[in-house]
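Coordinates from target27.txt are shown below (compact mmCIF, C-alpha atoms and all ligand atoms).
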```
# COMPACT_ATOMS: atom_id res chain seq x y z
CA MET Y 5 -2.21 -4.06 -8.20
CA ALA Y 6 -5.46 -2.38 -7.23
CA LYS Y 7 -6.15 -1.06 -3.73
CA TYR Y 8 -9.89 -1.13 -3.22
CA ALA Y 9 -12.09 1.16 -1.14
CA MET Y 10 -15.71 2.23 -0.96
CA VAL Y 11 -17.05 5.75 -0.93
CA ILE Y 12 -20.55 6.30 0.48
CA ASP Y 13 -22.13 9.51 -0.71
CA LEU Y 14 -24.54 10.42 2.10
CA HIS Y 15 -26.12 13.15 0.02
CA ASN Y 16 -27.25 10.54 -2.51
CA CYS Y 17 -28.29 7.92 0.07
CA VAL Y 18 -32.08 7.86 0.41
CA GLY Y 19 -32.10 5.42 3.33
CA CYS Y 20 -34.03 2.71 1.45
CA ALA Y 21 -31.84 -0.18 2.73
CA ALA Y 22 -31.70 -1.78 -0.73
CA CYS Y 23 -28.00 -2.41 -0.02
CA ASP Y 24 -28.86 -4.36 3.13
CA ILE Y 25 -31.35 -6.57 1.28
CA ALA Y 26 -29.02 -7.04 -1.70
CA CYS Y 27 -26.25 -8.13 0.66
CA LYS Y 28 -28.46 -10.74 2.29
CA THR Y 29 -29.42 -12.33 -1.01
CA GLU Y 30 -25.89 -12.21 -2.43
CA ASN Y 31 -24.20 -13.64 0.66
CA ASN Y 32 -26.89 -16.03 1.95
CA THR Y 33 -26.82 -14.50 5.41
CA ASP Y 34 -29.18 -15.72 8.10
CA ALA Y 35 -31.80 -13.65 9.94
CA GLY Y 36 -30.04 -11.22 12.29
CA PHE Y 37 -26.77 -11.44 10.35
CA ASN Y 38 -26.40 -8.16 8.50
CA TRP Y 39 -23.04 -7.73 6.80
CA SER Y 40 -24.50 -4.55 5.32
CA SER Y 41 -26.38 -2.52 7.90
CA HIS Y 42 -27.03 1.08 8.90
CA VAL Y 43 -27.31 3.37 11.88
CA THR Y 44 -29.85 6.14 12.25
CA GLU Y 45 -29.80 9.21 14.42
CA THR Y 46 -32.56 11.68 15.19
CA ARG Y 47 -31.65 14.93 16.91
CA GLY Y 48 -33.54 17.94 18.17
CA THR Y 49 -37.11 18.70 19.15
CA PHE Y 50 -39.97 19.28 16.75
CA PRO Y 51 -40.02 21.35 14.57
CA ASN Y 52 -36.22 21.59 14.62
CA VAL Y 53 -35.41 17.97 14.00
CA SER Y 54 -32.64 16.36 11.98
CA PHE Y 55 -32.46 12.74 10.87
CA ARG Y 56 -29.41 10.92 9.60
CA TYR Y 57 -29.05 7.50 8.02
CA ILE Y 58 -25.58 6.05 7.73
CA PRO Y 59 -24.98 2.76 5.86
CA THR Y 60 -22.42 0.57 7.62
CA LEU Y 61 -20.36 -2.48 6.72
CA CYS Y 62 -16.92 -3.92 7.45
CA ASN Y 63 -14.52 -1.02 6.92
CA HIS Y 64 -11.78 -3.29 5.57
CA CYS Y 65 -9.45 -1.37 7.85
CA GLU Y 66 -5.83 -1.05 6.78
CA ASN Y 67 -4.79 -1.34 10.41
CA ALA Y 68 -7.37 -3.97 11.31
CA PRO Y 69 -7.65 -4.92 15.00
CA CYS Y 70 -9.53 -8.09 14.05
CA VAL Y 71 -6.51 -9.29 12.06
CA LYS Y 72 -4.03 -8.39 14.80
CA VAL Y 73 -5.78 -10.44 17.48
CA CYS Y 74 -6.60 -13.54 15.44
CA PRO Y 75 -4.43 -16.37 16.82
CA THR Y 76 -4.65 -18.53 13.68
CA GLU Y 77 -4.40 -15.91 10.90
CA ALA Y 78 -7.92 -16.84 9.87
CA MET Y 79 -8.71 -13.13 9.66
CA TYR Y 80 -6.23 -11.56 7.27
CA LYS Y 81 -5.51 -8.68 4.91
CA ASP Y 82 -4.92 -9.41 1.25
CA ASN Y 83 -2.77 -7.16 -0.90
CA GLU Y 84 -5.75 -5.49 -2.59
CA GLY Y 85 -7.11 -3.98 0.62
CA PHE Y 86 -9.72 -6.61 1.52
CA THR Y 87 -10.01 -7.91 5.08
CA LEU Y 88 -10.91 -11.54 4.55
CA HIS Y 89 -11.71 -14.56 6.67
CA ASP Y 90 -10.51 -18.13 6.12
CA ALA Y 91 -13.25 -20.36 7.49
CA ASP Y 92 -10.95 -23.39 7.51
CA LYS Y 93 -8.48 -21.71 9.86
CA CYS Y 94 -11.07 -20.20 12.20
CA ILE Y 95 -11.30 -21.83 15.63
CA GLY Y 96 -14.25 -19.68 16.72
CA CYS Y 97 -12.48 -17.98 19.61
CA ARG Y 98 -14.33 -14.72 18.83
CA SER Y 99 -11.32 -12.52 19.64
CA CYS Y 100 -11.86 -10.63 16.37
CA GLU Y 101 -15.48 -9.96 17.26
CA LEU Y 102 -14.38 -8.36 20.53
CA ALA Y 103 -11.57 -6.40 18.88
CA CYS Y 104 -13.59 -4.90 16.03
CA PRO Y 105 -14.68 -1.42 17.14
CA TYR Y 106 -17.43 -1.40 14.50
CA LYS Y 107 -19.09 -4.64 15.69
CA VAL Y 108 -19.52 -6.02 12.19
CA ILE Y 109 -18.38 -9.59 12.88
CA HIS Y 110 -21.05 -12.21 13.52
CA PHE Y 111 -20.61 -15.52 15.32
CA ASN Y 112 -22.54 -18.64 14.28
CA LYS Y 113 -23.68 -20.04 17.61
CA LYS Y 114 -25.67 -22.66 15.73
CA GLN Y 115 -26.05 -23.95 12.24
CA GLN Y 116 -27.45 -21.28 9.95
CA HIS Y 117 -30.93 -21.25 8.44
CA GLN Y 118 -32.10 -24.01 10.76
CA ARG Y 119 -35.70 -23.34 9.89
CA TYR Y 120 -35.03 -24.85 6.47
CA MET Y 121 -34.14 -28.15 8.15
CA ASP Y 122 -37.18 -28.11 10.39
CA ASP Y 123 -40.01 -30.40 9.24
CA LYS Y 124 -42.67 -28.80 11.45
CA PRO Y 125 -45.00 -26.50 9.48
CA LEU Y 126 -45.32 -22.95 10.76
CA ILE Y 127 -49.13 -23.36 10.79
CA PRO Y 128 -50.01 -27.08 10.96
CA GLY Y 129 -52.25 -28.15 8.10
CA VAL Y 130 -51.86 -24.80 6.34
CA THR Y 131 -48.24 -24.02 5.51
CA SER Y 132 -45.38 -26.21 4.37
CA SER Y 133 -42.41 -26.80 6.66
CA GLY Y 134 -39.09 -25.12 6.02
CA LYS Y 135 -37.58 -28.49 5.11
CA GLU Y 136 -40.31 -29.16 2.54
CA THR Y 137 -39.64 -25.73 0.97
CA ALA Y 138 -35.90 -26.37 0.84
CA ASP Y 139 -36.40 -29.90 -0.57
CA LYS Y 140 -38.76 -28.65 -3.28
CA THR Y 141 -36.47 -25.81 -4.35
CA GLY Y 142 -33.50 -28.19 -4.34
CA VAL Y 143 -31.16 -25.73 -2.58
CA PRO Y 144 -30.08 -25.33 1.06
CA LEU Y 145 -32.47 -22.40 1.42
CA PRO Y 146 -34.91 -20.90 -1.07
CA TYR Y 147 -32.79 -17.87 -1.93
CA TYR Y 148 -29.36 -19.54 -1.94
CA ASN Y 149 -26.79 -17.85 -4.20
CA PRO Y 150 -24.19 -20.44 -5.30
CA ASP Y 151 -21.74 -17.73 -6.47
CA ARG Y 152 -20.96 -16.87 -2.84
CA ALA Y 153 -19.24 -20.24 -2.48
CA LYS Y 154 -16.60 -19.29 -5.07
CA THR Y 155 -14.38 -17.72 -2.36
CA TYR Y 156 -16.05 -18.47 1.02
CA ASP Y 157 -18.46 -20.99 2.47
CA GLY Y 158 -21.80 -20.47 0.70
CA ILE Y 159 -23.43 -20.81 4.10
CA ARG Y 160 -21.09 -20.46 7.03
CA ARG Y 161 -20.59 -23.23 9.56
CA GLU Y 162 -21.62 -23.46 13.17
CA GLY Y 163 -18.92 -22.32 15.62
CA ILE Y 164 -17.08 -19.79 13.43
CA VAL Y 165 -17.41 -16.11 12.60
CA GLU Y 166 -18.34 -14.37 9.37
CA LYS Y 167 -18.42 -10.85 7.94
CA CYS Y 168 -18.60 -8.70 4.79
CA THR Y 169 -15.93 -9.49 2.21
CA PHE Y 170 -16.52 -6.44 -0.07
CA CYS Y 171 -18.02 -9.13 -2.37
CA ASP Y 172 -14.51 -10.36 -3.19
CA HIS Y 173 -16.04 -13.18 -5.28
CA ARG Y 174 -17.58 -10.57 -7.61
CA VAL Y 175 -14.69 -8.08 -7.58
CA LYS Y 176 -12.24 -10.84 -8.60
CA GLU Y 177 -14.40 -11.32 -11.71
CA GLY Y 178 -14.37 -7.62 -12.57
CA LEU Y 179 -17.83 -6.97 -11.10
CA GLN Y 180 -18.91 -4.46 -8.47
CA PRO Y 181 -20.04 -5.49 -4.95
CA TRP Y 182 -23.73 -6.29 -5.12
CA CYS Y 183 -24.69 -3.53 -2.65
CA VAL Y 184 -23.12 -1.04 -5.06
CA GLU Y 185 -25.11 -2.44 -8.00
CA ALA Y 186 -28.34 -2.45 -6.00
CA CYS Y 187 -28.18 1.14 -4.72
CA PRO Y 188 -30.82 3.20 -6.56
CA GLY Y 189 -29.23 6.49 -5.50
CA ASP Y 190 -25.70 5.74 -6.76
CA ALA Y 191 -24.60 6.40 -3.19
CA ARG Y 192 -22.05 3.57 -3.06
CA ILE Y 193 -18.97 3.85 -5.24
CA PHE Y 194 -16.32 1.15 -5.21
CA GLY Y 195 -12.95 1.18 -6.89
CA ASP Y 196 -9.18 1.43 -6.90
CA THR Y 197 -7.65 4.28 -4.90
CA ASP Y 198 -4.25 3.64 -6.51
CA ASP Y 199 -5.73 4.65 -9.85
CA PRO Y 200 -5.99 8.46 -9.87
CA THR Y 201 -8.56 8.32 -12.67
CA SER Y 202 -10.97 6.01 -10.80
CA ARG Y 203 -14.22 7.50 -9.56
CA VAL Y 204 -13.36 6.77 -5.91
CA SER Y 205 -10.04 8.62 -6.28
CA GLN Y 206 -11.74 11.56 -7.92
CA LEU Y 207 -14.40 11.76 -5.20
CA LEU Y 208 -11.86 11.48 -2.38
CA LYS Y 209 -9.87 14.29 -3.98
CA HIS Y 210 -12.88 16.52 -4.50
CA TYR Y 211 -14.56 16.09 -1.10
CA THR Y 212 -13.16 15.89 2.41
CA PRO Y 213 -14.10 12.34 3.40
CA ARG Y 214 -14.98 11.14 6.89
CA GLN Y 215 -14.24 7.74 8.32
CA LEU Y 216 -16.08 6.11 11.19
CA LEU Y 217 -14.19 6.06 14.53
CA LYS Y 218 -11.13 7.49 12.82
CA HIS Y 219 -9.57 8.24 16.21
CA LYS Y 220 -9.20 4.49 16.81
CA GLY Y 221 -6.39 4.42 14.25
CA THR Y 222 -7.94 1.59 12.23
CA LYS Y 223 -7.58 3.41 8.88
CA PRO Y 224 -10.96 2.39 7.43
CA ARG Y 225 -11.25 1.80 3.68
CA VAL Y 226 -14.87 2.97 3.71
CA PHE Y 227 -15.13 6.73 3.27
CA TYR Y 228 -18.22 8.91 3.74
CA ILE Y 229 -18.62 12.06 1.69
CA ARG Y 230 -21.12 14.88 1.61
CA ASP Y 231 -22.19 14.38 5.20
CA TYR Y 232 -23.50 17.75 6.17
CA GLY Y 233 -24.22 16.76 9.77
CA ALA Y 234 -21.59 16.68 12.47
CA TYR Y 235 -20.51 13.50 14.21
S1 LIG O 301 -14.37 -3.08 10.46
FE1 LIG O 301 -13.96 -4.61 12.05
S2 LIG O 301 -14.02 -6.58 10.95
FE2 LIG O 301 -13.79 -4.97 9.38
S3 LIG O 301 -11.54 -4.80 9.09
FE3 LIG O 301 -12.13 -3.24 10.62
S4 LIG O 301 -11.79 -4.28 12.59
FE4 LIG O 301 -11.86 -5.90 11.02
S1 LIG O 302 -12.94 -16.36 15.81
FE1 LIG O 302 -11.76 -17.18 14.09
S2 LIG O 302 -11.20 -15.40 12.85
FE2 LIG O 302 -11.86 -14.63 14.87
S3 LIG O 302 -9.97 -14.43 16.06
FE3 LIG O 302 -10.79 -16.46 16.51
S4 LIG O 302 -9.82 -17.84 15.02
FE4 LIG O 302 -9.50 -15.73 14.28
```

Write-out of the structure in structure tokens:
Amino acid sequence: MAKYAMVIDLHNCVGCAACDIACKTENNTDAGFNWSSHVTETRGTFPNVSFRYIPTLCNHCENAPCVKVCPTEAMYKDNEGFTLHDADKCIGCRSCELACPYKVIHFNKKQQHQRYMDDKPLIPGVTSSGKETADKTGVPLPYYNPDRAKTYDGIRREGIVEKCTFCDHRVKEGLQPWCVEACPGDARIFGDTDDPTSRVSQLLKHYTPRQLLKHKGTKPRVFYIRDYGAY
């Protein structure tokens, strides 16, 4: 059985955010819901300035606080290293959101993509309404990816949480997470750490990886390599 992890090679990351955009289109996330995101940091005073760009996502922690606090086992670990969320079991208590030290869980206060149900045009007499656009494209929203619904709600419901799934729907079919495919710098590498010949295993052996907030004891499954700055 595979044990999946992601390596992010910060030396190869060009900070283009292609991963963030790819994630939105793959997972049908609403505005403000970024399962793939990034943090930036600028230090120093001109001309001695340094800038860092760090892609972020759910760390699929081995010792996941979100799983521990969930009262209904809606948030759970599977045996391949994924931290997954069962929308049917979720009661929307948001305990996981509070417990996650990385703040990567989003809560649906209202129904997603509401603008595609709204029949008021953005500019009256000039633009179509969101509803008209959705009706004409024949999908819930113009960029809807039906593959997302293979393992999770295609669009998540009001009153529950959602987060990155490491594209489990793709990985189960032998594909890579879409953020990995979309990265032009080959900065994201995904694979099986139980296989010593996999690229992730080789990279983790060759470099000394860092993990975000390692001191919290969460044992993240996202590893950063070739980070030449200190944090
Ligand atoms: S990063 Fe947050 S949501 Fe993801 S497994 Fe860890 S605690 Fe859970
Ligand atoms: S919001 Fe849902 S997944 Fe999160 S702790 Fe509550 S029941 Fe579990």

Write as a ChimeraX atom specification the residues around ligand LIG 302 (chain O), taking 7 Å as the cut-off and counting all atoms listed in the file.
-> /Y:70,73-79,89,93-101,164-165

What does the distance between CA of Lys114 in chain Y and CA of Arg161 in chain Y come to in Å, to one decimal place?
->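 Distance reported for this atom pair: 8.0 Å.
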
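For the residues Y:Arg174, Y:Glu84, Y:Thr201, Y:His210, ranking by smallest atom-to-atom distance to Ala6 in chain Y using only C-alpha atoms places Y:Glu84 first.
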
Atomic separation - CA of Ala26 in chain Y relative to CA of Pro144 in chain Y, Å | 18.5 Å

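Nearest to Gly19 in chain Y of all the residues Y:Asp151, Y:Asp82, Y:Glu177, Y:Asp190 is Y:Asp190, based on all atoms listed in the file.
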
Tell me which protein, DNA and RNA residues are within 12 Å of range 46-61 of chain Y, counting only C-alpha atoms, leaving out same-chain ones fewer than 6 positions away, and put them as a VMD selection string.
-> chain Y and resid 9 to 24 27 37 to 40 87 104 to 110 167 to 171 183 to 184 187 191 to 192 214 to 216 224 to 235

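By chain and then residue number, the residues within 9 Å of Ala153 in chain Y are Asn31, Asn149, Asp157, Gly158, Ile159 and His173 of chain Y, counting only C-alpha atoms and disregarding those fewer than 4 positions away in sequence.
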
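With distances taken over all atoms listed in the file, Y:Lys81 is the one residue among Y:Lys81, Y:His42, Y:Lys154, Y:Lys28 lying closest to ligand LIG 301 (chain O).
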
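Between CA of Ala35 in chain Y and CA of Phe86 in chain Y lies a distance of 24.7 Å.
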
Nearest to ligand LIG 301 (chain O): which of Y:Thr44, Y:Thr33, Y:Asn63, Y:Ser205 is it, counting all atoms listed in the file?
-> Y:Asn63

Axis-aligned box for ligand LIG 301 (chain O), 5 Å per side, centre and edges in Å as JSON:
```
{"center_x": -13.0, "center_y": -4.8, "center_z": 10.8, "size_x": 12.8, "size_y": 13.5, "size_z": 13.5}
```

Of the candidates Y:Asp199, Y:Glu185, Y:Glu66, Y:Asp123, which one gets nearest to ligand LIG 301 (chain O) if we count only C-alpha atoms and all ligand atoms?
->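 So, comparing all the options, the nearest one is Y:Glu66.
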
Proximity to ligand LIG 301 (chain O) - best of Y:Glu45, Y:Ala103, Y:Lys218, Y:Ala91, all atoms listed in the file | Y:Ala103
